[in-house]
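Text of structure-v3.cif (mmCIF, C-alpha atoms) as supplied:
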data_work
#
loop_
_atom_site.label_atom_id
_atom_site.label_comp_id
_atom_site.auth_asym_id
_atom_site.auth_seq_id
_atom_site.Cartn_x
_atom_site.Cartn_y
_atom_site.Cartn_z
CA MET A 77 -114.49 177.74 33.51
CA GLN A 78 -112.61 177.44 30.24
CA LEU A 79 -113.91 173.91 29.74
CA LEU A 80 -117.50 174.90 30.49
CA LEU A 81 -117.24 177.88 28.18
CA SER A 82 -115.96 175.63 25.40
CA ALA A 83 -119.05 173.44 25.90
CA HIS A 84 -121.46 176.40 25.88
CA PRO A 85 -124.44 176.41 25.71
CA GLY A 86 -125.03 172.69 26.34
CA GLY A 87 -122.62 172.30 29.22
CA LEU A 88 -121.11 169.07 30.52
CA VAL A 89 -122.03 166.40 33.02
CA VAL A 90 -119.72 165.78 35.95
CA ASN A 91 -118.09 162.64 34.54
CA GLU A 92 -117.25 164.50 31.31
CA ILE A 93 -115.64 167.33 33.27
CA GLN A 94 -113.74 164.90 35.47
CA ALA A 95 -112.47 162.89 32.50
CA GLU A 96 -111.28 166.04 30.76
CA LEU A 97 -109.57 167.55 33.80
CA GLY A 98 -108.29 164.34 35.37
CA ILE A 99 -108.88 165.45 38.95
CA PRO A 100 -110.45 163.53 41.85
CA GLY A 101 -114.23 163.73 42.17
CA SER A 102 -114.05 165.35 45.60
CA THR A 103 -111.79 168.13 44.28
CA LEU A 104 -114.04 168.69 41.28
CA SER A 105 -117.14 168.77 43.46
CA HIS A 106 -115.52 171.35 45.73
CA HIS A 107 -114.64 173.65 42.83
CA LEU A 108 -118.01 173.26 41.11
CA ASP A 109 -119.78 174.09 44.37
CA LYS A 110 -117.69 177.25 44.79
CA LEU A 111 -118.39 178.38 41.21
CA ARG A 112 -122.11 177.63 41.61
CA ASN A 113 -122.30 179.48 44.94
CA GLU A 114 -120.80 182.54 43.26
CA GLY A 115 -123.31 182.29 40.41
CA LEU A 116 -120.66 181.74 37.74
CA ILE A 117 -122.06 178.38 36.66
CA ASP A 118 -125.52 176.86 36.43
CA VAL A 119 -126.46 173.28 37.25
CA ARG A 120 -129.49 171.28 36.20
CA ARG A 121 -130.48 167.74 36.95
CA GLU A 122 -130.94 165.34 34.04
CA SER A 123 -132.21 162.05 35.41
CA THR A 124 -129.36 160.89 37.66
CA PHE A 125 -126.78 163.31 36.21
CA LEU A 126 -125.93 166.91 36.98
CA ARG A 127 -125.17 169.08 33.95
CA TYR A 128 -123.04 172.16 34.52
CA SER A 129 -122.84 175.15 32.21
CA ALA A 130 -121.24 178.57 32.31
CA ASN A 131 -123.50 181.41 33.42
CA THR A 132 -122.52 183.80 30.65
CA GLU A 133 -124.60 186.68 32.03
CA ALA A 134 -122.75 186.54 35.35
CA LEU A 135 -119.41 186.22 33.55
CA GLN A 136 -120.22 189.27 31.44
CA GLU A 137 -121.01 191.29 34.57
CA LEU A 138 -117.77 190.12 36.20
CA LEU A 139 -115.70 191.00 33.14
CA GLN A 140 -117.31 194.43 32.91
CA PHE A 141 -116.54 195.06 36.59
CA LEU A 142 -112.94 193.89 36.24
CA TYR A 143 -112.44 195.96 33.11
CA ALA A 144 -113.82 199.06 34.80
CA GLU A 145 -111.69 198.55 37.91
CA CYS A 146 -108.37 197.57 36.40
CA CYS A 147 -108.42 199.32 33.04
CA THR A 148 -110.24 202.58 33.60
CA ARG A 149 -110.40 203.52 37.28
CA ASN A 150 -106.88 202.73 38.48
CA GLN A 151 -105.32 201.79 35.13
CA ALA A 152 -103.50 198.75 36.54
CA VAL A 153 -103.86 197.20 33.09
CA ARG A 154 -103.84 199.16 29.85
CA PRO A 155 -107.11 198.74 27.90
CA GLN A 156 -105.24 197.96 24.68
CA ASP A 157 -103.54 195.01 26.44
CA VAL A 158 -106.93 193.53 27.33
CA ALA A 159 -108.10 193.87 23.74
CA GLN A 160 -104.98 192.04 22.56
CA ILE A 161 -105.58 189.16 24.98
CA SER A 162 -109.18 188.66 23.85
CA ILE A 163 -108.34 188.30 20.16
#

Here is the file; what I need is its structure written in the form of structure tokens.
Amino acid sequence: MQLLLSAHPGGLVVNEIQAELGIPGSTLSHHLDKLRNEGLIDVRRESTFLRYSANTEALQELLQFLYAECCTRNQAVRPQDVAQISI
């Protein structure tokens, strides 16, 4: 996710992701499929390539949910600690 966010909004093709992460294609494919199935990344075909990009709307919803659950409802994490991390 961090790599795809750093390439936002254009995204990356599979061989770029694989070269950057240095993991086997089957492992990468597995993880990309899981992220896509959860709606956290988008994929579009460009000729014979697949270009992956972060779905920032879904990530924003996830972050809002996590913040509400862990920082306000049960206070597992102090809100000021989250603000420090994001700087």

Expressed in Å to a single decimal, how great is the separation between CA of Glu145 (chain A) and CA of Asp157 (chain A)?
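Distance between the two atoms: 14.5 Å.
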
Could you list, as a ChimeraX atom specification, every residue within 12 Å of region 100-111 of chain A, counting all atoms listed in the file and ignoring same-chain residues fewer than 2 positions away?
/A:77,80,88-98,113-119,126-131,134-135

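CA of Glu122 (chain A) is found 28.1 Å from CA of Leu138 (chain A).
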
Have a look at CA of Gly87 (chain A) and CA of Arg120 (chain A) and let me know their distance in Å, one decimal.
9.8 Å

Between A:Thr132, A:Asn150, A:Gln156, A:Thr124, which residue has the minimum interatomic distance to Ala83 (chain A), considering all atoms listed in the file?
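Result for the nearest residue to Ala83 (chain A): A:Thr132.
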
Once 6 Å is added on each side, what are the centre and the three edge lengths, in Å to one decimal, of the axis-aligned box enclosing the listed atoms of region 110-121 of chain A? Present them as lines of an AutoDock Vina configuration file.
center_x = -124.1
center_y = 175.1
center_z = 40.6
size_x = 24.8
size_y = 26.8
size_z = 20.7
